[in-house]
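K.L.:
Here it is: the structure, laid out below.
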Amino acid sequence: MENYDKLADLLLPDVDKSPADYEALYPPRGLPEGARVTRIAPSPTGYLHLGVLFTAMCNKRVAATTGGVFYLRIEDTDKKREVEGGIADIVGGLTRFGVTIDEGFVEAGREEGAYGPYQQSKRGPIYRCFAKELIKQGLAYPCFCTEEELAAIREEQEAGKIRTGYHGKWARCRDMAYEEVKKRVEAGEKFVVRLRSPGSEENRVTFDDGIKGKIQLPENDEDFVILKSDGIPTYHFAHVVDDHLMRTTHVIRGDEWISSTPKHLQLFRLLGWKPPKYAHVAPIMKEENGGRRKLSKRKDPEAAVRYYIEAGYPPEAVIEYLMTVASSDFEDWRRANKTADLNAFKFNLKKMSVSGALFDLNKLRDVSKNYISLMDADRVTGEIIGWARDFDPAFYDLLAADPAYTKAIFSIDRDCPKPRKDIAKWDEAKTYAAYFFDGLYTPCFELPENLSAADAAAALTAYMPVYDPADGREAWFQKIKDICPGIGFSPEVKEYKKNPAAYKGHAGDVSTVIRIAVTGRRNTPDLCSIMQLLGKERCMARMEAAKAAWQA
Ligand code: GLU
C-alpha cells in the first residue's frame with residue numbers, strides 16, 4: 001500500500017501531536033555521566049508482591065548509588081485485573097520498606113516529576129501518536145482478525161507442526177488494500193494495530209544482560225499487537241514508548257520478560273531510539289520437599305508484602321535480608337560496616353543470582369532478631385505498641401494501660417553489650433511478655449528431668465522467706481547461693497561438676513526452679529529484673545502456687 005499517511009489518518013484520526021512534540025516535552029534528563037534512571041512498573045492488581053518489592057529495591061539501589069532517579073510508573077492498561085486501592089497499596093508498601101520513590105507516584109493520588117503522567121491509562125494519546133507514526137512509515141497496520149479466526153490459524157499451525165503466531169504468510173491482514181480497510185473501518189469493524197515485523201527467525205539478536213550476561217535469541221518475526229482494539233497499548237509497546245520518553249537508562253525487571261526482549265529491541269530500533277540497558281532478575285525461590293520452586297502468589301502467604309507487615313517484621317530488617325538475597329557480597333560488606341547507611345553499599349547487578357536466589361524465612365528471622373536486639377528500649381516499645389494498635393487491639397490495651405511498665409518489660413537485657421535475641425517480629429512480643437500480665441500468664445510447673453518436685457518445693461520453701469525485691473542482681477543471686485547447702489544443692493557449679501553425686505543440683509538449678517515458678521518458663525531474660533518488675537506480691541503468690549503444685 002502506498003499511501004500510509006492516508007491509512008494512518010483513517011485509523012487514528014484523533015492524534016494531534018507529533019513525535020517531535022513529545023520529544024520536546026520530555027527532553028533528555030541532563031543528569032551527570034553515570035547516573036542511572038530506573039523504575040518499577042507494577043500493575044495495581046492487588047497486594048504488593050514480595051517479588052515487586054525485591055525488584056523495586058534493586059532498581060532503587062542502582063539509582064541511589066549512582067546519583068540517579070528511581071521512579072514509579074503504574075501499568076494499568078488491564079482494567080479488568082485492577083483492584084481498588086491497588087496504587088495506594090503499592091506506594092504505601094514501597095515507602096514503608098524504605099524503597100522511597102523519587103518521581104512518579106510518590107503518594108497514591110500525587111504524582112511528581114516532569115515525565116508524567118506516570119499512569120499508563122492516562123497516556124493514551126502518546127501511544128496513539130507513536131503507533132500512528134509507525135503506520136505512516138509502513139511499519140504497522142490494522143488487523144481485523146476475530147478471536148475465532150486467530151484460533152483457526154493457530155489450529156492449522158499446530159496441525160502442521162508450524163510455530164504458532166501471526167507471522168509470515170499467516171499474517172493475513174498484513175497486505176490488506178486501503179479500500180478494504182476503509183470499508184471495514186467505516187462499517188465499524190473492530191481492529192487492532194500490529195507491527196509489520198521486518199525480522200526473520202533465521203537471524204539472531206544479541207544483548208548484554210546486566211545480570212545474566214550475553215543473551216542470544218531469534219529475531220522477532222511476529223506481527224505482534226501494539227494497540228488493542230480499544231486503543232490501549234500492549235505491554236510491549238507501552239514499555240518501549242514509556243521507557244524512551246521517561247528517559248529510563250536501565251530496565252531491571254522480572255526474567256519472564258527475557259523472551260520478549262527481541263520484540264522490544266526491534267521496536268526501539270524501528271522507532272529510531274536507543275534501547276535501555278536490560279537486566280533480568282530471576283524470581284525468588286523457595287525450598288520445598290528437597291526441591292526448589294518459585295515463590296507463589298497463590299500458595300505462599302509470605303509472597304505478599306502484607307505478610308511481613310502483619311507479622312510485624314521491622315521493614316529495615318526485611319530490606320537487610322532482601323539485600324543478602326539480592327547481592328552475594330552484601331553480607332560481607334555488612335559485617336565490615338555494621339551501622340553504615342545502605343547507600344554506602346555499591347550495589348552491583350553482576351552479583352545477583354542468575355538462576356534465582358533462595359528465600360529463607362529462618363534466615364530472615366535471624367536477621368530480624370539481630371536487628372531488633374540492637375534497637376533501644378524506646379524504639380522497641382514504640383514499635384510494639386504501634387504494631388499492636390493495628391493488629392492486636394486487646395494486647396494494645398494492655399500495653400497502653402501502663403506505658404512505663406511496658407517500657408520496663410522491653411528494657412530488660414537491652415541497651416547492653418550482649419542484648420538478647422528473643423524477638424524476630426512484633427507478633428511474638430505478646431508471648432514473650434505474657435508472664436508480665438496476669439491476664440496472659442499461664443503457669444507451667446514442668447521441671448527439667450534432673451529436678452524432682454519435692455526438691456523444687458524445698459528450694460522455694462527455703463528461698464521465699466529470704467527473697468527481697470530490693471536486692472540488686474548480685475545480692476539476689478547470693479541469696480540463692482546461700483540457701484543451697486541447706487537443701488543439698490551446691491552453691492558453685494564447679495563444685496557440683498566435680499562431684500555430682502554429692503548434690504541434688506547447683507545454684508543455677510535453684511534459679512531455674514524460681515524462674516519456672518514465677519514465669520512458667522525455663523528460659524527468660526534476667527530473672528532478678530523480671531521479679532523486680534512483677535513486684536513482691538505477685539512473685540510470692542506465684543511461688544506459693546508452684547510450691548503447692550510440687551508438694552501435691
Ligand atoms: N508491568 C510489568 C510487570 O509487572 C512491568 C515489567 C517491567 O518492569 O517492564 O511485570
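Labeling convention for the C-alpha cells: chains A, B, ... as they appear, residues from 1 per chain, ligands from 1 in order of appearance.
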Hey, which residues sit close to ligand 1? Say within 6 Å, counting only C-alpha atoms and all ligand atoms, and write them as a PyMOL selection string.

P.N.:
chain A and resi 40-43+75+253

K.L.:
Only all heavy atoms, please: the residues just picked out, written as a short mmCIF file (atom, residue, chain, number, x, y, z; two decimals), in the first residue's frame.

P.N.:
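Saved file again.cif follows:
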```cif
data_model
loop_
_atom_site.label_atom_id
_atom_site.label_comp_id
_atom_site.auth_asym_id
_atom_site.auth_seq_id
_atom_site.Cartn_x
_atom_site.Cartn_y
_atom_site.Cartn_z
N ILE A 40 10.22 1.10 38.71
CA ILE A 40 9.43 -0.09 38.93
C ILE A 40 8.09 0.21 38.29
O ILE A 40 7.58 1.32 38.40
CB ILE A 40 9.33 -0.48 40.43
CG1 ILE A 40 8.69 -1.84 40.62
CG2 ILE A 40 8.60 0.57 41.25
CD1 ILE A 40 9.60 -3.01 40.31
N ALA A 41 7.55 -0.80 37.62
CA ALA A 41 6.35 -0.53 36.82
C ALA A 41 5.28 -1.59 37.08
O ALA A 41 4.94 -2.37 36.20
CB ALA A 41 6.74 -0.50 35.34
N PRO A 42 4.77 -1.62 38.28
CA PRO A 42 3.80 -2.68 38.61
C PRO A 42 2.39 -2.39 38.11
O PRO A 42 2.05 -1.25 37.82
CB PRO A 42 3.82 -2.70 40.14
CG PRO A 42 4.20 -1.33 40.53
CD PRO A 42 5.03 -0.75 39.42
N SER A 43 1.61 -3.44 38.06
CA SER A 43 0.18 -3.30 37.77
C SER A 43 -0.55 -3.28 39.11
O SER A 43 -0.20 -4.05 40.00
CB SER A 43 -0.31 -4.49 36.95
OG SER A 43 0.49 -4.62 35.79
N GLU A 75 1.31 0.51 35.68
CA GLU A 75 0.93 -0.12 34.42
C GLU A 75 -0.50 -0.67 34.54
O GLU A 75 -0.70 -1.83 34.89
CB GLU A 75 1.95 -1.19 34.04
CG GLU A 75 3.35 -0.57 33.95
CD GLU A 75 4.28 -1.21 32.93
OE1 GLU A 75 4.10 -2.39 32.59
OE2 GLU A 75 5.20 -0.51 32.49
N ARG A 253 13.99 -5.78 35.41
CA ARG A 253 12.64 -6.33 35.52
C ARG A 253 12.71 -7.85 35.63
O ARG A 253 13.78 -8.45 35.49
CB ARG A 253 11.82 -5.93 34.29
CG ARG A 253 12.38 -6.49 33.00
CD ARG A 253 11.60 -6.05 31.75
NE ARG A 253 12.25 -6.58 30.55
CZ ARG A 253 11.87 -6.27 29.31
NH1 ARG A 253 10.87 -5.45 29.09
NH2 ARG A 253 12.51 -6.81 28.28
#
```

K.L.:
Env of A:Ser200: 7 Å cut, atoms = only C-alpha atoms, seq-sep filter 2 positions within chain, self excluded. Answer as JSON, numbers by chain.

P.N.:
{"A": [198, 202, 203, 219, 220, 221]}

K.L.:
Please measure the separation of atom CA of A:Glu186 and atom CA of A:Lys228, giving the value in Å to one decimal.

P.N.:
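That distance, rounded to one decimal, is 18.0 Å.
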
K.L.:
So which residues of stretch 255-454 of chain A fall under strand (DSSP E or B) by DSSP, listed as a PyMOL selection string?

P.N.:
chain A and resi 277-281+285-288+291-294+304+358-359

K.L.:
Can those selected residues be exported to a file as a compact mmCIF listing (two decimals), in the first residue's frame so that it contains C-alpha atoms?

P.N.:
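Listed below is the output, result-v4.txt:
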```txt
# COMPACT_ATOMS: atom_id res chain seq x y z
CA LYS A 277 20.30 -1.46 29.27
CA TYR A 278 18.32 -4.53 30.29
CA ALA A 279 18.85 -6.57 33.45
CA HIS A 280 16.56 -9.50 34.13
CA VAL A 281 16.02 -10.50 37.72
CA MET A 285 12.80 -19.26 45.01
CA LYS A 286 11.55 -21.36 47.87
CA GLU A 287 12.83 -24.70 49.04
CA GLU A 288 10.20 -27.39 49.21
CA GLY A 291 13.47 -29.15 45.55
CA ARG A 292 13.13 -25.53 44.56
CA ARG A 293 10.22 -23.66 43.14
CA LYS A 294 9.22 -20.06 42.56
CA ALA A 304 2.68 -10.88 49.89
CA LEU A 358 16.59 -18.84 47.73
CA PHE A 359 14.26 -17.17 50.18
```

K.L.:
Counting only C-alpha atoms, give me one row per residue of stretch 98-202 of chain A with an atom at most 7 Å from an atom of stretch 89-92 of chain A, showing the shortest contact pair and its distance in Å to one decimal, sorted by chain then residue number, as CSV.

P.N.:
```
residue,atom,partner,partner_atom,distance
A:Val106,CA,A:Val91,CA,6.8
A:Glu107,CA,A:Val91,CA,6.0
A:Ala108,CA,A:Val91,CA,6.3
```

K.L.:
Identify, on the basis of only C-alpha atoms, every residue whose closest approach to A:Ala303 does not exceed 8 Å; exclude the query and any residue fewer than 5 positions from it along the same chain; express the result as a PDB file with C-alpha atoms, in the first residue's frame.

P.N.:
```
ATOM      1  CA  HIS A  49       4.101  -8.901  45.875  1.00  0.00           C
ATOM      2  CA  LEU A  50       7.456  -9.629  47.501  1.00  0.00           C
ATOM      3  CA  GLY A  51       8.973 -10.015  44.030  1.00  0.00           C
ATOM      4  CA  LEU A 295       7.613 -18.274  45.468  1.00  0.00           C
ATOM      5  CA  SER A 296       3.967 -18.408  44.507  1.00  0.00           C
ATOM      6  CA  LYS A 297       1.331 -15.723  44.918  1.00  0.00           C
TER       7      LYS A 297
END
```

K.L.:
Excluding same-chain residues fewer than 4 positions from stretch 479-484 of chain A, what lies within 9 Å of it counting only C-alpha atoms, as a PyMOL selection string?

P.N.:
chain A and resi 459+462-463+466-467+474-475+488-492+505-508+510-511

K.L.:
Let's have the selection written as a compact mmCIF listing (two decimals), in the first residue's frame, with all heavy atoms.

P.N.:
```txt
# COMPACT_ATOMS: atom_id res chain seq x y z
N ALA A 459 13.25 -26.06 97.65
CA ALA A 459 14.02 -24.87 97.27
C ALA A 459 13.18 -23.62 97.48
O ALA A 459 13.66 -22.60 98.01
CB ALA A 459 14.47 -24.99 95.81
N ALA A 462 12.78 -22.70 101.13
CA ALA A 462 13.96 -22.03 101.68
C ALA A 462 14.11 -20.61 101.14
O ALA A 462 14.57 -19.70 101.83
CB ALA A 462 15.21 -22.86 101.35
N TYR A 463 13.73 -20.43 99.89
CA TYR A 463 14.01 -19.14 99.24
C TYR A 463 12.99 -18.06 99.61
O TYR A 463 13.36 -16.89 99.83
CB TYR A 463 14.05 -19.33 97.72
CG TYR A 463 14.28 -18.03 96.99
CD1 TYR A 463 15.51 -17.35 97.11
CD2 TYR A 463 13.28 -17.45 96.23
CE1 TYR A 463 15.72 -16.14 96.48
CE2 TYR A 463 13.48 -16.23 95.58
CZ TYR A 463 14.70 -15.58 95.71
OH TYR A 463 14.91 -14.39 95.10
N VAL A 466 13.66 -15.43 102.31
CA VAL A 466 14.82 -14.51 102.19
C VAL A 466 14.70 -13.58 100.98
O VAL A 466 15.47 -12.64 100.83
CB VAL A 466 16.16 -15.29 102.09
CG1 VAL A 466 16.39 -16.08 103.36
CG2 VAL A 466 16.20 -16.19 100.86
N TYR A 467 13.72 -13.83 100.13
CA TYR A 467 13.60 -13.02 98.91
C TYR A 467 13.31 -11.56 99.28
O TYR A 467 12.39 -11.26 100.03
CB TYR A 467 12.49 -13.56 98.02
CG TYR A 467 12.11 -12.62 96.89
CD1 TYR A 467 13.10 -12.10 96.05
CD2 TYR A 467 10.79 -12.25 96.68
CE1 TYR A 467 12.77 -11.21 95.04
CE2 TYR A 467 10.45 -11.37 95.65
CZ TYR A 467 11.44 -10.85 94.85
OH TYR A 467 11.13 -9.97 93.85
N GLU A 474 23.47 -8.96 92.06
CA GLU A 474 24.45 -9.78 92.79
C GLU A 474 23.89 -10.30 94.09
O GLU A 474 24.00 -11.49 94.40
CB GLU A 474 25.71 -8.97 93.07
CG GLU A 474 26.82 -9.36 92.14
CD GLU A 474 28.02 -8.47 92.30
OE1 GLU A 474 28.50 -8.35 93.45
OE2 GLU A 474 28.46 -7.91 91.27
N ALA A 475 23.26 -9.40 94.86
CA ALA A 475 22.69 -9.79 96.14
C ALA A 475 21.60 -10.84 95.91
O ALA A 475 21.47 -11.80 96.69
CB ALA A 475 22.11 -8.57 96.85
N GLY A 488 20.76 -29.20 100.15
CA GLY A 488 21.51 -30.25 99.46
C GLY A 488 21.96 -29.88 98.06
O GLY A 488 22.31 -30.76 97.26
N PHE A 489 22.00 -28.59 97.74
CA PHE A 489 22.49 -28.14 96.43
C PHE A 489 23.87 -27.51 96.60
O PHE A 489 24.22 -27.05 97.69
CB PHE A 489 21.54 -27.09 95.84
CG PHE A 489 20.28 -27.69 95.24
CD1 PHE A 489 19.33 -28.30 96.04
CD2 PHE A 489 20.05 -27.63 93.87
CE1 PHE A 489 18.17 -28.84 95.49
CE2 PHE A 489 18.90 -28.16 93.31
CZ PHE A 489 17.95 -28.76 94.12
N SER A 490 24.65 -27.49 95.54
CA SER A 490 25.96 -26.84 95.62
C SER A 490 25.84 -25.38 95.20
O SER A 490 25.25 -25.09 94.15
CB SER A 490 26.94 -27.57 94.70
OG SER A 490 28.01 -26.70 94.41
N PRO A 491 26.41 -24.46 95.98
CA PRO A 491 26.35 -23.04 95.57
C PRO A 491 27.16 -22.79 94.30
O PRO A 491 26.88 -21.84 93.57
CB PRO A 491 26.97 -22.29 96.75
CG PRO A 491 27.21 -23.29 97.83
CD PRO A 491 27.10 -24.67 97.24
N GLU A 492 28.16 -23.64 94.04
CA GLU A 492 29.03 -23.39 92.89
C GLU A 492 28.86 -24.51 91.85
O GLU A 492 28.91 -25.68 92.19
CB GLU A 492 30.51 -23.35 93.33
CG GLU A 492 30.83 -22.30 94.37
CD GLU A 492 30.56 -20.88 93.91
OE1 GLU A 492 30.56 -20.63 92.67
OE2 GLU A 492 30.31 -20.02 94.79
N GLY A 505 21.79 -30.78 92.99
CA GLY A 505 21.90 -29.84 91.87
C GLY A 505 22.77 -28.68 92.30
O GLY A 505 23.46 -28.78 93.33
N HIS A 506 22.76 -27.57 91.54
CA HIS A 506 23.58 -26.41 91.93
C HIS A 506 22.71 -25.14 91.93
O HIS A 506 21.50 -25.20 91.63
CB HIS A 506 24.77 -26.27 90.99
CG HIS A 506 24.40 -26.23 89.55
ND1 HIS A 506 23.86 -25.11 88.96
CD2 HIS A 506 24.45 -27.19 88.59
CE1 HIS A 506 23.61 -25.37 87.69
NE2 HIS A 506 23.95 -26.63 87.43
N ALA A 507 23.35 -24.02 92.24
CA ALA A 507 22.60 -22.76 92.39
C ALA A 507 21.81 -22.41 91.12
O ALA A 507 20.70 -21.87 91.20
CB ALA A 507 23.57 -21.62 92.74
N GLY A 508 22.39 -22.74 89.96
CA GLY A 508 21.69 -22.48 88.69
C GLY A 508 20.37 -23.24 88.64
O GLY A 508 19.36 -22.72 88.15
N VAL A 510 18.57 -24.05 91.21
CA VAL A 510 17.63 -23.38 92.12
C VAL A 510 17.00 -22.18 91.40
O VAL A 510 15.80 -21.95 91.48
CB VAL A 510 18.32 -22.95 93.43
CG1 VAL A 510 17.34 -22.17 94.30
CG2 VAL A 510 18.85 -24.17 94.18
N SER A 511 17.83 -21.43 90.68
CA SER A 511 17.22 -20.28 89.98
C SER A 511 16.27 -20.75 88.88
O SER A 511 15.27 -20.09 88.61
CB SER A 511 18.27 -19.29 89.47
OG SER A 511 19.12 -19.90 88.57
```

K.L.:
Show me, as a list in words, the residues that have an atom within 12 Å of A:Tyr235 when counting only C-alpha atoms, minus same-chain residues fewer than 6 positions from it.

P.N.:
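Residues meeting the cut-off are Ala41, Pro42, Ser43, Ile74, Glu75, Asp76, Thr77, Asp78, Gln120, Ser121, Tyr127, Phe224, Val225, Ile226, Leu227, Lys228, Val241, Asp242, Asp243, Trp257, Ser260, Thr261, Lys263 and His264 of chain A.
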